[in-house]
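S.K.: Contents are mmCIF, C-alpha atoms; file name input38.cif:
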data_model
loop_
_atom_site.label_atom_id
_atom_site.label_comp_id
_atom_site.auth_asym_id
_atom_site.auth_seq_id
_atom_site.Cartn_x
_atom_site.Cartn_y
_atom_site.Cartn_z
CA MET A 150 -14.26 1.50 2.35
CA SER A 151 -15.41 4.28 4.66
CA ASP A 152 -12.94 6.98 5.66
CA LYS A 153 -13.45 6.15 9.34
CA ARG A 154 -12.75 2.45 8.86
CA GLU A 155 -9.64 3.21 6.81
CA HIS A 156 -8.47 5.68 9.47
CA ILE A 157 -8.77 3.01 12.17
CA LEU A 158 -6.74 0.57 10.03
CA VAL A 159 -3.96 3.12 9.48
CA VAL A 160 -3.79 3.92 13.20
CA ALA A 161 -3.79 0.22 14.10
CA GLU A 162 -0.94 -0.42 11.64
CA GLU A 163 1.11 2.33 13.27
CA LEU A 164 0.54 1.01 16.78
CA PHE A 165 1.07 -2.65 15.87
CA GLY A 166 4.31 -1.63 14.19
CA GLU A 167 5.51 0.35 17.21
CA LYS A 168 4.29 -1.82 20.09
CA GLY A 169 3.57 -5.18 18.50
CA PHE A 170 0.20 -6.89 18.30
CA ASP A 171 0.26 -8.16 21.88
CA GLY A 172 1.45 -4.81 23.21
CA THR A 173 -1.39 -2.89 21.60
CA SER A 174 -4.88 -2.89 23.06
CA VAL A 175 -8.13 -2.05 21.31
CA ARG A 176 -8.41 0.86 23.75
CA ASP A 177 -5.02 2.17 22.55
CA ILE A 178 -6.26 2.08 18.96
CA ALA A 179 -9.55 3.76 19.83
CA GLN A 180 -7.83 6.56 21.76
CA LYS A 181 -5.30 7.31 19.04
CA ALA A 182 -7.92 7.09 16.29
CA GLY A 183 -10.29 9.34 18.22
CA VAL A 184 -13.16 6.84 18.14
CA ASN A 185 -14.99 4.83 20.75
CA LEU A 186 -14.59 1.11 21.40
CA ALA A 187 -18.05 0.39 20.03
CA MET A 188 -17.05 1.72 16.61
CA ILE A 189 -14.06 -0.63 16.40
CA SER A 190 -16.31 -3.49 17.47
CA TYR A 191 -18.85 -2.48 14.82
CA TYR A 192 -16.31 -2.42 11.99
CA PHE A 193 -14.09 -5.35 13.00
CA GLY A 194 -15.48 -7.32 15.94
CA SER A 195 -12.12 -8.06 17.59
CA LYS A 196 -8.46 -7.10 17.55
CA GLU A 197 -7.63 -10.26 15.60
CA LYS A 198 -10.23 -9.44 12.96
CA LEU A 199 -8.91 -5.88 12.79
CA LEU A 200 -5.42 -7.24 12.05
CA GLU A 201 -6.85 -9.58 9.44
CA ALA A 202 -8.66 -6.64 7.79
CA LEU A 203 -5.42 -4.63 7.81
CA ILE A 204 -3.53 -7.43 6.08
CA VAL A 205 -6.22 -7.72 3.40
CA TYR A 206 -6.37 -3.92 2.99
CA ARG A 207 -2.64 -3.64 2.29
CA ALA A 208 -2.39 -6.85 0.26
CA GLU A 209 -5.11 -5.94 -2.23
CA TYR A 210 -3.02 -3.04 -3.47
CA ALA A 211 0.05 -5.21 -4.05
CA TYR A 212 -1.96 -7.82 -5.94
CA GLY A 213 -3.46 -5.14 -8.18
CA ILE A 214 -0.01 -3.84 -9.09
CA LEU A 215 1.26 -7.33 -9.95
CA GLU A 216 -1.83 -8.08 -12.00
CA GLU A 217 -1.46 -4.86 -14.02
CA LEU A 218 2.24 -5.58 -14.55
CA ASN A 219 1.35 -8.94 -16.03
CA LYS A 220 -1.19 -7.41 -18.39
CA ASP A 221 1.16 -4.70 -19.72
CA GLN A 222 2.07 -5.88 -23.22
CA SER A 223 4.40 -2.91 -23.78
CA LEU A 224 6.96 -4.32 -21.34
CA SER A 225 9.39 -7.15 -22.05
CA PRO A 226 9.84 -9.94 -19.48
CA TRP A 227 13.12 -8.31 -18.43
CA ASP A 228 11.36 -4.95 -17.99
CA LYS A 229 8.80 -6.69 -15.79
CA ILE A 230 11.49 -8.27 -13.63
CA ASP A 231 13.06 -4.83 -13.12
CA ARG A 232 9.67 -3.31 -12.27
CA LEU A 233 9.02 -6.20 -9.89
CA VAL A 234 12.25 -5.53 -8.00
CA ASP A 235 11.56 -1.78 -7.85
CA PHE A 236 8.04 -2.40 -6.59
CA TYR A 237 8.96 -4.79 -3.80
CA VAL A 238 11.96 -2.80 -2.57
CA ASP A 239 10.00 0.46 -2.52
CA ARG A 240 6.87 -1.11 -1.05
CA ILE A 241 8.66 -2.86 1.80
CA LEU A 242 11.00 0.00 2.66
CA ASN A 243 8.17 2.53 2.55
CA ASN A 244 5.88 0.31 4.65
CA LEU A 245 8.27 -1.15 7.20
CA ARG A 246 5.62 -1.31 9.92
CA PHE A 247 3.29 -3.41 7.81
CA HIS A 248 6.09 -5.66 6.57
CA ASN A 249 7.19 -6.31 10.15
CA ILE A 250 3.61 -7.11 11.15
CA MET A 251 3.32 -9.61 8.29
CA TYR A 252 6.63 -11.21 9.25
CA GLN A 253 5.72 -11.47 12.93
CA GLU A 254 2.24 -12.86 12.32
CA ALA A 255 3.40 -15.37 9.71
CA THR A 256 5.73 -16.90 12.29
CA ALA A 257 3.39 -16.58 15.29
CA VAL A 258 1.26 -19.41 16.60
CA ARG A 259 -1.50 -17.20 17.99
CA SER A 260 -3.97 -17.21 15.09
CA GLU A 261 -4.23 -19.90 12.45
CA ASP A 262 -6.78 -17.76 10.60
CA ILE A 263 -4.31 -14.90 10.21
CA LYS A 264 -1.47 -17.22 9.24
CA SER A 265 -3.72 -18.86 6.65
CA ARG A 266 -4.71 -15.45 5.30
CA ILE A 267 -1.05 -14.40 4.94
CA ILE A 268 -0.16 -17.64 3.19
CA ALA A 269 -3.10 -17.25 0.80
CA ILE A 270 -1.97 -13.71 -0.04
CA LYS A 271 1.60 -14.85 -0.69
CA MET A 272 0.39 -17.72 -2.88
CA ARG A 273 -1.79 -15.37 -4.91
CA ASN A 274 1.12 -12.98 -5.45
CA LEU A 275 3.40 -15.90 -6.32
CA GLU A 276 0.92 -16.89 -9.03
CA GLN A 277 1.31 -13.47 -10.66
CA ILE A 278 5.12 -13.54 -10.45
CA THR A 279 5.12 -17.07 -11.86
CA LYS A 280 3.26 -15.79 -14.92
CA ILE A 281 5.98 -13.17 -15.50
CA ILE A 282 8.79 -15.70 -15.29
CA THR A 283 6.90 -18.32 -17.33
CA ASP A 284 6.31 -15.75 -20.07
CA GLY A 285 10.06 -15.08 -20.18
CA GLN A 286 10.72 -18.82 -20.41
CA GLN A 287 8.25 -19.24 -23.26
CA LYS A 288 9.96 -16.39 -25.12
CA LYS A 289 13.31 -18.15 -24.67
CA LEU A 290 14.73 -15.37 -22.53
CA PHE A 291 14.67 -17.09 -19.13
CA ARG A 292 16.00 -20.51 -18.26
CA GLN A 293 14.12 -23.05 -16.17
CA VAL A 294 14.42 -22.19 -12.48
CA ASP A 295 12.69 -23.01 -9.21
CA ILE A 296 10.26 -20.09 -9.21
CA PRO A 297 9.09 -20.21 -5.55
CA LEU A 298 12.69 -20.30 -4.34
CA THR A 299 13.58 -17.47 -6.74
CA VAL A 300 10.84 -15.32 -5.22
CA GLY A 301 12.02 -16.40 -1.76
CA THR A 302 15.50 -15.15 -2.64
CA ILE A 303 14.13 -11.71 -3.51
CA MET A 304 11.98 -11.41 -0.39
CA GLY A 305 14.58 -12.95 1.90
CA THR A 306 17.27 -10.54 0.73
CA ILE A 307 15.05 -7.53 1.39
CA SER A 308 13.85 -8.89 4.73
CA SER A 309 17.36 -9.55 5.98
CA TYR A 310 17.94 -5.78 6.03
CA THR A 311 14.52 -4.77 7.30
CA GLN A 312 14.37 -7.28 10.15
CA SER A 313 17.88 -6.47 11.38
CA ARG A 314 18.37 -2.75 11.17
CA SER A 315 21.51 -2.74 13.34
CA TYR A 316 23.18 -5.10 10.90
CA GLY A 317 22.00 -3.04 7.96
CA CYS A 318 23.34 0.17 9.45
CA ASN A 319 26.75 -1.43 9.91
CA ILE A 320 26.82 -2.75 6.36
CA LEU A 321 25.72 0.61 4.97
CA ALA A 322 28.04 2.59 7.26
CA ILE A 323 25.29 4.81 8.66
CA ARG A 324 24.39 5.68 12.23
CA GLU A 325 21.94 3.38 13.97
CA ASP A 326 19.94 6.37 15.14
CA SER A 327 19.48 7.61 11.57
CA ASP A 328 15.87 8.20 10.65
CA ASP A 329 13.91 5.94 8.32
CA ASP A 330 14.34 8.27 5.35
CA ALA A 331 18.13 8.16 5.64
CA TYR A 332 18.09 4.38 5.98
CA ARG A 333 15.85 3.95 2.93
CA ALA A 334 17.91 6.37 0.86
CA LYS A 335 21.04 4.31 1.47
CA LEU A 336 19.54 0.84 1.33
CA GLY A 337 16.97 1.11 -1.46
CA PRO A 338 19.23 1.83 -4.47
CA ARG A 339 21.80 -0.73 -3.36
CA LEU A 340 19.16 -3.44 -2.95
CA LYS A 341 17.67 -2.72 -6.35
CA VAL A 342 20.99 -2.90 -8.18
CA HIS A 343 21.98 -6.10 -6.40
CA LEU A 344 18.68 -7.90 -6.97
CA LYS A 345 18.50 -6.94 -10.64
CA GLN A 346 22.05 -8.16 -11.22
CA LEU A 347 21.31 -11.35 -9.29
CA LEU A 348 18.15 -12.08 -11.28
CA ARG A 349 19.84 -11.44 -14.60
CA ALA A 350 22.55 -13.95 -13.78
CA HIS A 351 19.99 -16.39 -12.41
CA LEU A 352 17.32 -16.15 -15.13
CA ASP A 353 19.23 -15.48 -18.33
CA ILE A 354 18.86 -18.49 -20.64
CA ARG A 355 22.38 -17.88 -21.89
CA ASN A 356 23.57 -19.00 -18.49
CA GLU A 357 21.81 -22.35 -18.81
CA THR A 358 24.13 -25.22 -18.03
CA THR A 359 23.82 -28.57 -19.74
CA LYS A 360 24.03 -31.77 -17.72
#
Any chance you could put this one into structure tokens?

M.R.:
Amino acid sequence: MSDKREHILVVAEELFGEKGFDGTSVRDIAQKAGVNLAMISYYFGSKEKLLEALIVYRAEYAYGILEELNKDQSLSPWDKIDRLVDFYVDRILNNLRFHNIMYQEATAVRSEDIKSRIIAIKMRNLEQITKIITDGQQKKLFRQVDIPLTVGTIMGTISSYTQSRSYGCNILAIREDSDDDAYRAKLGPRLKVHLKQLLRAHLDIRNETTK
């Protein structure tokens, strides 16, 4: 990827995060990126295609991390679950703008192409996480669980505090006007501990109940 194209994507992500997709024009992106409109048209064609490219750009990194985690034979299934929690908490909290864009576009009705792209990305990531949990089941460490809903529990818990910052600030007893670093410093460790404890209780085969 060229440096100029990547620069435009980073600027677009910032503006979409601040002003929303509808509130950001291609001209806004061009001005902030220091490029002309023709260059954006050359690289992306339209604002919708620019957003689609941004989603793919960010998602490829996440998929690569999950794929490498699966391949790492030095880690136990429990180690991988802990790494998975650390990765998602850090990734979402350190990329709040992108996470909010993904959330907004997944629930929007504007572009079926973008929604389909987001769903495909989530399904591909789910496939990698499924391999981690299935490996733990085959090694008699994890019990049988509904894997998509388990992943939904992880993502939903994180999202509940990123989509409602006012609520999160009250729960964490910090000022609503605190900067992002302060919010992450309070929220991140607490989320990680909670999710790891939750998944241990949920996955541990010793907690299997007989019917």

S.K.: Nearest to Gln293 (chain A) among A:Glu163, A:Asp353, A:Asp330, A:Glu261, with distances taken over only C-alpha atoms: which residue is it?

M.R.: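 Looking only at the distances to Gln293 (chain A), the closest residue turns out to be A:Asp353.
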
S.K.: Between A:Gly317, A:Pro226, A:Gly337, A:Gly301, which is the closest to Gln286 (chain A) once you count all atoms listed in the file?

M.R.: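 Of A:Gly317, A:Pro226, A:Gly337, A:Gly301, the one nearest Gln286 (chain A), counting all atoms listed in the file, is A:Pro226.
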
S.K.: Can you list what the PyMOL selection byres ((chain A and resi 208) around 12) grabs from this structure, as an MDAnalysis selection string?

M.R.: chainID A and resid 201:207 209:215 240:241 244 247:248 251 266:274

S.K.: If you measure from CA of Val238 (chain A) to CA of His156 (chain A), what distance in Å do you get, rounded to one decimal?

M.R.: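 Interatomic distance, CA of Val238 (chain A) to CA of His156 (chain A): 25.2 Å.
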
S.K.: Name every residue that the PyMOL selection byres ((chain A and resi 349) around 12) selects in this structure, writing the answer as a ChimeraX atom specification with chains first and numbers rising.

M.R.: /A:226-228,230-231,234,282,285,290-292,299,342-348,350-357

S.K.: Quick one: pull the distance between CA of Leu158 (chain A) and CA of Phe193 (chain A), Å, one decimal.

M.R.: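 Rounded to one decimal, the two atoms are 9.9 Å apart.
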
S.K.: Would you compute the distance between CA of Ile296 (chain A) and CA of Leu200 (chain A)? Give it in Å to one decimal.

M.R.: 29.4 Å

S.K.: Enumerate, as a VMD selection string, the residues matched when the PyMOL selection byres ((chain A and resi 153) around 12) is run on the file above.

M.R.: chain A and resid 150 to 152 154 to 160 179 182 to 185 188 to 189 191 to 192

S.K.: So, with all atoms listed in the file as the atoms that count, which of A:Thr173, A:Ser195, A:Thr358, A:Ser225 lies closest to Ile281 (chain A)?

M.R.: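 Looking only at the distances to Ile281 (chain A), the closest residue turns out to be A:Ser225.
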
S.K.: Of the candidates A:Asp177, A:Asp329, A:Asp295, A:Asp262, which one gets nearest to Lys198 (chain A) if we count only C-alpha atoms?

M.R.: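 Answer, going by the shortest atom-to-atom distance: A:Asp262.
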
S.K.: Could I see region 202-222 of chain A restored to N, CA, C and O atoms, set down as a compact mmCIF listing (two decimals), keeping the file's coordinate frame?

M.R.:
# COMPACT_ATOMS: atom_id res chain seq x y z
N ALA A 202 -8.17 -7.65 8.74
CA ALA A 202 -8.66 -6.64 7.79
C ALA A 202 -7.51 -5.76 7.30
O ALA A 202 -7.47 -5.37 6.13
N LEU A 203 -6.58 -5.44 8.19
CA LEU A 203 -5.42 -4.63 7.81
C LEU A 203 -4.56 -5.36 6.78
O LEU A 203 -4.12 -4.76 5.78
N ILE A 204 -4.34 -6.64 7.00
CA ILE A 204 -3.53 -7.43 6.08
C ILE A 204 -4.18 -7.47 4.69
O ILE A 204 -3.52 -7.29 3.67
N VAL A 205 -5.49 -7.69 4.68
CA VAL A 205 -6.22 -7.72 3.40
C VAL A 205 -6.18 -6.35 2.72
O VAL A 205 -5.94 -6.24 1.51
N TYR A 206 -6.36 -5.30 3.51
CA TYR A 206 -6.37 -3.92 2.99
C TYR A 206 -5.06 -3.59 2.28
O TYR A 206 -5.06 -3.06 1.16
N ARG A 207 -3.94 -3.92 2.90
CA ARG A 207 -2.64 -3.64 2.29
C ARG A 207 -2.32 -4.59 1.14
O ARG A 207 -1.72 -4.20 0.13
N ALA A 208 -2.74 -5.84 1.26
CA ALA A 208 -2.39 -6.85 0.26
C ALA A 208 -3.13 -6.64 -1.06
O ALA A 208 -2.59 -6.96 -2.12
N GLU A 209 -4.33 -6.13 -1.00
CA GLU A 209 -5.11 -5.94 -2.23
C GLU A 209 -4.39 -4.99 -3.19
O GLU A 209 -4.41 -5.19 -4.40
N TYR A 210 -3.75 -3.99 -2.63
CA TYR A 210 -3.02 -3.04 -3.47
C TYR A 210 -1.87 -3.73 -4.19
O TYR A 210 -1.68 -3.55 -5.40
N ALA A 211 -1.10 -4.53 -3.46
CA ALA A 211 0.05 -5.21 -4.05
C ALA A 211 -0.40 -6.15 -5.17
O ALA A 211 0.22 -6.21 -6.24
N TYR A 212 -1.47 -6.88 -4.92
CA TYR A 212 -1.96 -7.82 -5.94
C TYR A 212 -2.38 -7.07 -7.20
O TYR A 212 -2.10 -7.51 -8.32
N GLY A 213 -3.04 -5.94 -7.03
CA GLY A 213 -3.46 -5.14 -8.18
C GLY A 213 -2.29 -4.68 -9.02
O GLY A 213 -2.35 -4.71 -10.26
N ILE A 214 -1.20 -4.28 -8.36
CA ILE A 214 -0.01 -3.84 -9.09
C ILE A 214 0.58 -5.00 -9.89
O ILE A 214 0.95 -4.85 -11.07
N LEU A 215 0.70 -6.17 -9.27
CA LEU A 215 1.26 -7.33 -9.95
C LEU A 215 0.39 -7.76 -11.13
O LEU A 215 0.89 -8.13 -12.19
N GLU A 216 -0.91 -7.70 -10.95
CA GLU A 216 -1.83 -8.08 -12.00
C GLU A 216 -1.70 -7.15 -13.20
O GLU A 216 -1.66 -7.60 -14.36
N GLU A 217 -1.61 -5.84 -12.93
CA GLU A 217 -1.46 -4.86 -14.02
C GLU A 217 -0.12 -5.03 -14.72
O GLU A 217 -0.02 -4.87 -15.95
N LEU A 218 0.92 -5.35 -13.96
CA LEU A 218 2.24 -5.58 -14.55
C LEU A 218 2.18 -6.74 -15.52
O LEU A 218 2.76 -6.68 -16.61
N ASN A 219 1.49 -7.78 -15.16
CA ASN A 219 1.35 -8.94 -16.03
C ASN A 219 0.62 -8.60 -17.32
O ASN A 219 0.94 -9.12 -18.39
N LYS A 220 -0.36 -7.73 -17.24
CA LYS A 220 -1.19 -7.41 -18.39
C LYS A 220 -0.52 -6.43 -19.36
O LYS A 220 -0.96 -6.29 -20.50
N ASP A 221 0.53 -5.75 -18.91
CA ASP A 221 1.16 -4.70 -19.72
C ASP A 221 1.97 -5.32 -20.86
O ASP A 221 3.08 -5.82 -20.65
N GLN A 222 1.42 -5.28 -22.06
CA GLN A 222 2.07 -5.88 -23.22
C GLN A 222 3.21 -5.01 -23.78
O GLN A 222 3.97 -5.46 -24.64
